[in-house]
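Okay, target-v2.cif now, which holds mmCIF, C-alpha atoms, pLDDT in the B column; chains and numbers go by the auth columns:
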```cif
data_run
loop_
_atom_site.group_PDB
_atom_site.id
_atom_site.type_symbol
_atom_site.label_atom_id
_atom_site.label_comp_id
_atom_site.label_asym_id
_atom_site.label_seq_id
_atom_site.Cartn_x
_atom_site.Cartn_y
_atom_site.Cartn_z
_atom_site.B_iso_or_equiv
_atom_site.auth_seq_id
_atom_site.auth_asym_id
ATOM 1 C CA MET A 1 24.736 59.217 -15.393 44.00 1 R
ATOM 2 C CA GLY A 2 28.032 57.661 -14.429 46.00 2 R
ATOM 3 C CA ASP A 3 31.100 59.808 -13.961 41.00 3 R
ATOM 4 C CA VAL A 4 33.811 57.780 -15.672 44.00 4 R
ATOM 5 C CA THR A 5 36.694 58.635 -13.342 49.00 5 R
ATOM 6 C CA GLY A 6 35.523 61.381 -10.994 49.00 6 R
ATOM 7 C CA LYS A 7 38.329 63.600 -12.213 84.00 7 R
ATOM 8 C CA PRO A 8 36.324 66.092 -14.321 89.00 8 R
ATOM 9 C CA LEU A 9 34.180 67.049 -11.323 88.00 9 R
ATOM 10 C CA GLU A 10 37.243 67.308 -9.069 89.00 10 R
ATOM 11 C CA GLU A 11 39.010 69.504 -11.638 87.00 11 R
ATOM 12 C CA LEU A 12 35.950 71.763 -11.961 87.00 12 R
ATOM 13 C CA ALA A 13 35.689 72.027 -8.169 88.00 13 R
ATOM 14 C CA VAL A 14 39.320 73.187 -7.981 91.00 14 R
ATOM 15 C CA GLN A 15 38.692 75.808 -10.674 88.00 15 R
ATOM 16 C CA LEU A 16 35.593 77.101 -8.879 86.00 16 R
ATOM 17 C CA ARG A 17 37.419 77.282 -5.522 90.00 17 R
ATOM 18 C CA GLN A 18 40.265 79.230 -7.127 93.00 18 R
ATOM 19 C CA ARG A 19 37.648 81.789 -8.213 89.00 19 R
ATOM 20 C CA GLY A 20 36.315 82.116 -4.663 89.00 20 R
ATOM 21 C CA TYR A 21 33.241 79.876 -4.884 86.00 21 R
ATOM 22 C CA ARG A 22 32.376 77.001 -2.572 87.00 22 R
ATOM 23 C CA ALA A 23 32.489 73.656 -4.363 89.00 23 R
ATOM 24 C CA THR A 24 32.295 70.157 -2.900 90.00 24 R
ATOM 25 C CA VAL A 25 32.221 66.820 -4.700 91.00 25 R
ATOM 26 C CA HIS A 26 29.824 64.246 -3.273 88.00 26 R
ATOM 27 C CA GLY A 27 30.191 60.991 -5.200 85.00 27 R
ATOM 28 C CA GLU A 28 29.047 61.689 -8.760 84.00 28 R
ATOM 29 C CA ARG A 29 27.774 65.205 -8.052 86.00 29 R
ATOM 30 C CA LEU A 30 29.389 68.558 -7.463 87.00 30 R
ATOM 31 C CA ALA A 31 27.582 70.994 -5.168 88.00 31 R
ATOM 32 C CA ALA A 32 28.561 74.554 -6.048 87.00 32 R
ATOM 33 C CA SER A 33 27.552 77.736 -4.274 86.00 33 R
ATOM 34 C CA LEU A 34 27.919 80.517 -6.811 74.00 34 R
ATOM 35 C CA GLY A 35 26.817 83.407 -4.617 72.00 35 R
ATOM 36 C CA ALA A 36 23.839 84.691 -2.627 69.00 36 R
ATOM 37 C CA GLY A 37 23.465 81.291 -0.924 66.00 37 R
ATOM 38 C CA ASP A 38 22.342 79.716 -4.191 74.00 38 R
ATOM 39 C CA GLU A 39 23.666 76.146 -4.287 76.00 39 R
ATOM 40 C CA ARG A 40 23.455 74.140 -7.500 80.00 40 R
ATOM 41 C CA VAL A 41 24.287 70.598 -8.502 85.00 41 R
ATOM 42 C CA ILE A 42 26.588 69.834 -11.423 86.00 42 R
ATOM 43 C CA VAL A 43 27.010 66.327 -12.833 86.00 43 R
ATOM 44 C CA CYS A 44 29.365 64.941 -15.464 86.00 44 R
ATOM 45 C CA ASP A 45 29.101 61.921 -17.759 82.00 45 R
ATOM 46 C CA GLY A 46 32.797 62.080 -18.653 80.00 46 R
ATOM 47 C CA ARG A 47 32.078 64.202 -21.732 84.00 47 R
ATOM 48 C CA ARG A 48 29.758 67.021 -20.596 85.00 48 R
ATOM 49 C CA PHE A 49 28.990 68.999 -17.468 85.00 49 R
ATOM 50 C CA ARG A 50 25.275 69.468 -16.772 85.00 50 R
ATOM 51 C CA TRP A 51 23.749 72.061 -14.470 80.00 51 R
ATOM 52 C CA GLY A 52 20.967 70.813 -12.218 77.00 52 R
ATOM 53 C CA GLY A 53 21.282 67.061 -12.705 72.00 53 R
ATOM 54 C CA GLU A 54 21.444 64.375 -15.357 76.00 54 R
ATOM 55 C CA ARG A 55 18.909 66.053 -17.643 78.00 55 R
ATOM 56 C CA GLY A 56 19.905 69.605 -16.854 78.00 56 R
ATOM 57 C CA HIS A 57 21.315 72.313 -19.101 79.00 57 R
ATOM 58 C CA VAL A 58 24.681 71.467 -20.678 83.00 58 R
ATOM 59 C CA LEU A 59 27.376 73.778 -19.314 81.00 59 R
ATOM 60 C CA GLY A 60 30.140 72.604 -21.609 82.00 60 R
ATOM 61 C CA ALA A 61 32.593 69.893 -22.451 86.00 61 R
ATOM 62 C CA ALA A 62 34.598 68.143 -19.756 82.00 62 R
ATOM 63 C CA VAL A 63 38.139 68.628 -20.986 72.00 63 R
ATOM 64 C CA SER A 64 41.176 67.559 -19.050 58.00 64 R
ATOM 65 C CA TYR A 65 44.151 69.872 -19.184 50.00 65 R
ATOM 66 C CA THR A 66 46.597 67.327 -17.808 50.00 66 R
ATOM 67 C CA TYR A 67 49.878 67.387 -19.714 40.00 67 R
#
```

Is it possible to give me this structure as structure tokens?
Amino acid sequence: MGDVTGKPLEELAVQLRQRGYRATVHGERLAASLGAGDERVIVCDGRRFRWGGERGHVLGAAVSYTY
């Protein structure tokens, strides 16, 4: 699953950090610690975020809010 530009994952990481979560982008994957030491992987194909890898549960659309 290729991340088209890398930006959607970077933008999501910023949003998560602003909410107090740990989030680090490693290439085409985002590692997010959402509490209690539970770290999960989020990937993006440029259109959707998926929880747990390429075939994981769809979290939602990757929308850029750049104006």

Can you list what the PyMOL selection byres ((chain R and resi 33-45) around 8) grabs from this structure, as a PDB file with C-alpha atoms, keeping the file's coordinate frame?
```pdb
ATOM      1  CA  MET R   1      24.736  59.217 -15.393  1.00 44.00           C
ATOM      2  CA  GLY R   2      28.032  57.661 -14.429  1.00 46.00           C
ATOM      3  CA  ASP R   3      31.100  59.808 -13.961  1.00 41.00           C
ATOM      4  CA  VAL R   4      33.811  57.780 -15.672  1.00 44.00           C
ATOM      5  CA  PRO R   8      36.324  66.092 -14.321  1.00 89.00           C
ATOM      6  CA  LEU R   9      34.180  67.049 -11.323  1.00 88.00           C
ATOM      7  CA  TYR R  21      33.241  79.876  -4.884  1.00 86.00           C
ATOM      8  CA  ARG R  22      32.376  77.001  -2.572  1.00 87.00           C
ATOM      9  CA  ALA R  23      32.489  73.656  -4.363  1.00 89.00           C
ATOM     10  CA  GLU R  28      29.047  61.689  -8.760  1.00 84.00           C
ATOM     11  CA  ARG R  29      27.774  65.205  -8.052  1.00 86.00           C
ATOM     12  CA  LEU R  30      29.389  68.558  -7.463  1.00 87.00           C
ATOM     13  CA  ALA R  31      27.582  70.994  -5.168  1.00 88.00           C
ATOM     14  CA  ALA R  32      28.561  74.554  -6.048  1.00 87.00           C
ATOM     15  CA  GLY R  46      32.797  62.080 -18.653  1.00 80.00           C
ATOM     16  CA  ARG R  47      32.078  64.202 -21.732  1.00 84.00           C
ATOM     17  CA  ARG R  48      29.758  67.021 -20.596  1.00 85.00           C
ATOM     18  CA  PHE R  49      28.990  68.999 -17.468  1.00 85.00           C
ATOM     19  CA  ARG R  50      25.275  69.468 -16.772  1.00 85.00           C
ATOM     20  CA  TRP R  51      23.749  72.061 -14.470  1.00 80.00           C
ATOM     21  CA  GLY R  52      20.967  70.813 -12.218  1.00 77.00           C
ATOM     22  CA  GLY R  53      21.282  67.061 -12.705  1.00 72.00           C
ATOM     23  CA  GLU R  54      21.444  64.375 -15.357  1.00 76.00           C
ATOM     24  CA  ALA R  62      34.598  68.143 -19.756  1.00 82.00           C
TER      25      ALA R  62
END
```

### Query
How many Å separate atom CA of R:Arg19 from atom CA of R:Val63?
18.3 Å

### Task
Using atom CA of R:Gln18 and atom CA of R:Ala61 as the two end points, give the distance in Å to one decimal.
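Separation between atom CA of R:Gln18 and atom CA of R:Ala61: 19.5 Å.
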
### Separation of atom CA of R:Gly56 from atom CA of R:Arg17, in Å and rounded to one decimal
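Between these atoms lies a distance of 22.2 Å.
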
Exercise on stretch 27-39 of chain R, axis-aligned box with 6 Å per side, report centre and edge lengths in Å to one decimal, as JSON:
```
{"center_x": 26.3, "center_y": 72.8, "center_z": -4.8, "size_x": 19.8, "size_y": 35.7, "size_z": 19.8}
```

### Task
Show me as a PyMOL selection string the residues that reach within 9 Å of (36.0, 66.4, -5.1), counting all atoms listed in the file and using the file's own coordinates.
chain R and resi 6-7+9-14+23-27+29-30

How would the residues just picked look written out with C-alpha atoms as a short mmCIF file (atom, residue, chain, number, x, y, z; two decimals), in the frame of the given file?
```
data_model
loop_
_atom_site.label_atom_id
_atom_site.label_comp_id
_atom_site.auth_asym_id
_atom_site.auth_seq_id
_atom_site.Cartn_x
_atom_site.Cartn_y
_atom_site.Cartn_z
CA GLY R 6 35.52 61.38 -10.99
CA LYS R 7 38.33 63.60 -12.21
CA LEU R 9 34.18 67.05 -11.32
CA GLU R 10 37.24 67.31 -9.07
CA GLU R 11 39.01 69.50 -11.64
CA LEU R 12 35.95 71.76 -11.96
CA ALA R 13 35.69 72.03 -8.17
CA VAL R 14 39.32 73.19 -7.98
CA ALA R 23 32.49 73.66 -4.36
CA THR R 24 32.30 70.16 -2.90
CA VAL R 25 32.22 66.82 -4.70
CA HIS R 26 29.82 64.25 -3.27
CA GLY R 27 30.19 60.99 -5.20
CA ARG R 29 27.77 65.20 -8.05
CA LEU R 30 29.39 68.56 -7.46
#
```
